[in-house]
Amino acid sequence: MLIKNAKLQKIYGFSKKHLVLLVILFKLKEIILCESSNELLGIINKSQLLNKSEIGFVPTMGALHEGHLQLVRRASEENELVIVSIFVNPTQFNNPEDLEKYPRTLDTDIQLLKQTANCIVFVPKQFDIYPKNDPYEPIDLVGLDQVMEGRFRPGHFQGVVHVVYNFFKLIKPCRAYFGKKDFQQLAIIKHMNRVAKFPVQIVECETIREDSGLAKSSRNLRLNELQQREALIIYHTLLFVKEHKKNFREPLELKKAAIEKFNAGKLKLEYLELVDSNTLQEISDLKSGNITCCIAAYCGEVRLIDNLAI
């Protein structure tokens, strides 16, 4: 069952009957759809009256897949109230065509969430997230946004930080859940969270993969069957780096061999980097114990990213 605006108006009442209704909703794995910040805050305030104060937040741009659902499941296990946002954030797209083509599958997303956990699905308008009195205070990303993705997507991470900052300000979650597939994004959000001093625990969740090894991604919806097979060169290259690291003395030698491995496939490589998992800077010693290999590549017109700790 999907509880929408008309019923929310009733829930906002402070009668005992409506408090009981809200309790029943969360116990029966119902989905509450909120389409404005006012609706969302009404539900949050009501939940706090029921001592349901621990909020888990899963920010998404929709086109949900098993990777997202794993985040929602974990949030449901660890919190009394789960909020899943579906908002295609325009400020993090440096390519207008990419923004236009990004999959929008709200009805399917809601059906998937109904089968996953009881949660609030927050589908805000742009003015809900970017109001006239925007609370955002710019964050110095200390160069974390200038490497890898930042070199090829200027302004992207400023957009990511802005939207997550505003979500945190609005929702005030106890925990927020992010997948390790977006490795650089995760590092930058952790930095933002520290600098802004949000009382939010950033929960890192493992990358979810297809049986083939391909990292699950909303962009996979744009790949045909042949392209999905061709895209496996990304994962195969990551495994090559992990398995052959011990055979090389210098990072540049390993990187060169990995690029040769990748170029044997059909995809167009944008970058392949071996970086320190904390600073995101290129490593100078393969014996350091905190290395991640990151790849971005094009499969046809679809840009894919993946990473693996080595």
# chains A, B, ... in the order shown; residues from 1 in each chain; ligands from 1
>>> select_by_dssp(residues="region 86-278 of chain A", states="strand (DSSP E)", output="PyMOL selection string")
chain A and resi 86+119-122+175-179+201-205+268-276
>>> write_last_selection(atoms="N, CA and C atoms", output="mmCIF file, in the first residue's frame")
data_model
loop_
_atom_site.group_PDB
_atom_site.id
_atom_site.type_symbol
_atom_site.label_atom_id
_atom_site.label_comp_id
_atom_site.auth_asym_id
_atom_site.auth_seq_id
_atom_site.Cartn_x
_atom_site.Cartn_y
_atom_site.Cartn_z
ATOM 1 N N ILE A 86 14.606 10.312 -3.575
ATOM 2 C CA ILE A 86 14.743 10.111 -5.020
ATOM 3 C C ILE A 86 14.721 11.497 -5.648
ATOM 4 N N CYS A 119 9.500 2.394 4.723
ATOM 5 C CA CYS A 119 10.301 3.608 4.653
ATOM 6 C C CYS A 119 9.461 4.765 4.138
ATOM 7 N N ILE A 120 10.011 5.938 4.320
ATOM 8 C CA ILE A 120 9.462 7.145 3.707
ATOM 9 C C ILE A 120 10.233 7.397 2.421
ATOM 10 N N VAL A 121 9.519 7.542 1.327
ATOM 11 C CA VAL A 121 10.146 7.862 0.048
ATOM 12 C C VAL A 121 9.958 9.359 -0.184
ATOM 13 N N PHE A 122 11.049 10.073 -0.186
ATOM 14 C CA PHE A 122 11.018 11.525 -0.311
ATOM 15 C C PHE A 122 11.377 11.893 -1.741
ATOM 16 N N ARG A 175 22.190 8.432 10.744
ATOM 17 C CA ARG A 175 23.107 7.694 9.875
ATOM 18 C C ARG A 175 22.725 7.933 8.425
ATOM 19 N N ALA A 176 23.726 7.966 7.563
ATOM 20 C CA ALA A 176 23.483 8.078 6.123
ATOM 21 C C ALA A 176 24.297 6.996 5.429
ATOM 22 N N TYR A 177 23.709 6.391 4.407
ATOM 23 C CA TYR A 177 24.251 5.175 3.810
ATOM 24 C C TYR A 177 24.702 5.434 2.373
ATOM 25 N N PHE A 178 25.958 5.048 2.087
ATOM 26 C CA PHE A 178 26.541 5.265 0.772
ATOM 27 C C PHE A 178 27.300 4.002 0.349
ATOM 28 N N GLY A 179 27.261 3.705 -0.955
ATOM 29 C CA GLY A 179 27.969 2.550 -1.479
ATOM 30 C C GLY A 179 29.416 2.873 -1.809
ATOM 31 N N GLN A 201 26.500 9.717 11.230
ATOM 32 C CA GLN A 201 27.433 8.612 10.984
ATOM 33 C C GLN A 201 27.340 8.205 9.518
ATOM 34 N N ILE A 202 28.454 8.281 8.809
ATOM 35 C CA ILE A 202 28.488 7.864 7.412
ATOM 36 C C ILE A 202 28.762 6.359 7.381
ATOM 37 N N VAL A 203 27.804 5.600 6.870
ATOM 38 C CA VAL A 203 27.911 4.144 6.835
ATOM 39 C C VAL A 203 28.305 3.718 5.419
ATOM 40 N N GLU A 204 29.463 3.064 5.311
ATOM 41 C CA GLU A 204 29.972 2.608 4.021
ATOM 42 C C GLU A 204 29.487 1.185 3.749
ATOM 43 N N CYS A 205 28.940 0.971 2.564
ATOM 44 C CA CYS A 205 28.406 -0.354 2.203
ATOM 45 C C CYS A 205 29.123 -0.883 0.962
ATOM 46 N N LYS A 268 36.383 2.480 -24.029
ATOM 47 C CA LYS A 268 37.311 3.606 -24.128
ATOM 48 C C LYS A 268 37.668 4.063 -22.715
ATOM 49 N N LEU A 269 38.938 3.926 -22.364
ATOM 50 C CA LEU A 269 39.389 4.271 -21.019
ATOM 51 C C LEU A 269 39.474 5.783 -20.839
ATOM 52 N N GLU A 270 38.930 6.263 -19.741
ATOM 53 C CA GLU A 270 39.085 7.679 -19.401
ATOM 54 C C GLU A 270 40.235 7.840 -18.407
ATOM 55 N N TYR A 271 40.226 7.032 -17.352
ATOM 56 C CA TYR A 271 41.377 7.012 -16.467
ATOM 57 C C TYR A 271 41.444 5.683 -15.724
ATOM 58 N N LEU A 272 42.651 5.326 -15.327
ATOM 59 C CA LEU A 272 42.919 4.209 -14.424
ATOM 60 C C LEU A 272 43.979 4.717 -13.461
ATOM 61 N N GLU A 273 43.648 4.747 -12.178
ATOM 62 C CA GLU A 273 44.553 5.306 -11.184
ATOM 63 C C GLU A 273 44.711 4.364 -9.997
ATOM 64 N N LEU A 274 45.910 4.358 -9.424
ATOM 65 C CA LEU A 274 46.204 3.663 -8.174
ATOM 66 C C LEU A 274 46.413 4.740 -7.115
ATOM 67 N N VAL A 275 45.495 4.840 -6.167
ATOM 68 C CA VAL A 275 45.508 5.985 -5.257
ATOM 69 C C VAL A 275 45.473 5.546 -3.800
ATOM 70 N N ASP A 276 45.927 6.443 -2.940
ATOM 71 C CA ASP A 276 45.774 6.268 -1.506
ATOM 72 C C ASP A 276 44.288 6.389 -1.179
#
>>> residues_around(residues="Ala258 (chain A)", least_positions_apart="6", cutoff="7 Å", atoms="only C-alpha atoms", output="PyMOL selection string")
chain A and resi 237+240-241
>>> closest_atom_pairs(of="region 101-188 of chain A", to="region 33-50 of chain A", cutoff="12 Å", atoms="only C-alpha atoms", output="CSV")
residue,atom,partner,partner_atom,distance
A:Leu106,CA,A:Leu33,CA,11.0
A:Asp107,CA,A:Leu33,CA,11.3
A:Asp109,CA,A:Leu33,CA,11.6
A:Ile110,CA,A:Leu33,CA,8.8
A:Gln111,CA,A:Leu33,CA,11.8
A:Leu113,CA,A:Leu33,CA,11.0
A:Lys114,CA,A:Leu33,CA,11.0
A:Asn118,CA,A:Leu33,CA,11.1
A:Cys119,CA,A:Leu33,CA,8.8
A:Ile120,CA,A:Leu33,CA,6.0
A:Val121,CA,A:Leu33,CA,4.9
A:Phe122,CA,A:Cys34,CA,4.9
A:Val123,CA,A:Glu35,CA,4.9
A:Pro124,CA,A:Glu35,CA,5.1
A:Lys125,CA,A:Ser36,CA,6.7
A:Gln126,CA,A:Ser36,CA,9.7
A:Phe127,CA,A:Ser36,CA,9.2
A:Asp128,CA,A:Ser37,CA,5.8
A:Ile129,CA,A:Ser37,CA,8.1
A:Tyr130,CA,A:Ser37,CA,11.0
A:Pro131,CA,A:Ser37,CA,10.4
A:Asn166,CA,A:Ser37,CA,11.4
A:Phe167,CA,A:Ser37,CA,10.1
A:Lys169,CA,A:Ser37,CA,11.5
A:Leu170,CA,A:Ser37,CA,7.9
A:Ile171,CA,A:Leu41,CA,7.6
A:Lys172,CA,A:Ile44,CA,9.7
A:Pro173,CA,A:Ile44,CA,10.2
>>> closest_residue(among="A:Leu221, A:Glu78, A:Thr105, A:Ile310", to="His244 (chain A)", atoms="only C-alpha atoms")
A:Ile310
>>> residues_around(residues="region 155-157 of chain A", least_positions_apart="3", cutoff="6 Å", atoms="only C-alpha atoms", output="ChimeraX atom specification")
/A:92,160-161
>>> write_last_selection(atoms="N, CA and C atoms", output="short mmCIF file (atom, residue, chain, number, x, y, z; two decimals), in the first residue's frame")
data_model
loop_
_atom_site.label_atom_id
_atom_site.label_comp_id
_atom_site.auth_asym_id
_atom_site.auth_seq_id
_atom_site.Cartn_x
_atom_site.Cartn_y
_atom_site.Cartn_z
N GLN A 92 24.92 18.38 -10.07
CA GLN A 92 26.09 17.50 -10.16
C GLN A 92 26.32 16.96 -11.56
N VAL A 160 27.45 17.57 -5.65
CA VAL A 160 27.16 16.46 -4.75
C VAL A 160 27.18 16.94 -3.30
N VAL A 161 28.23 17.66 -2.94
CA VAL A 161 28.36 18.14 -1.56
C VAL A 161 27.21 19.09 -1.21
#
>>> select_by_dssp(residues="region 26-94 of chain A", states="helix (DSSP H, G or I)", output="number ranges by chain")
A: 26-27, 37-49, 66-78, 90-92
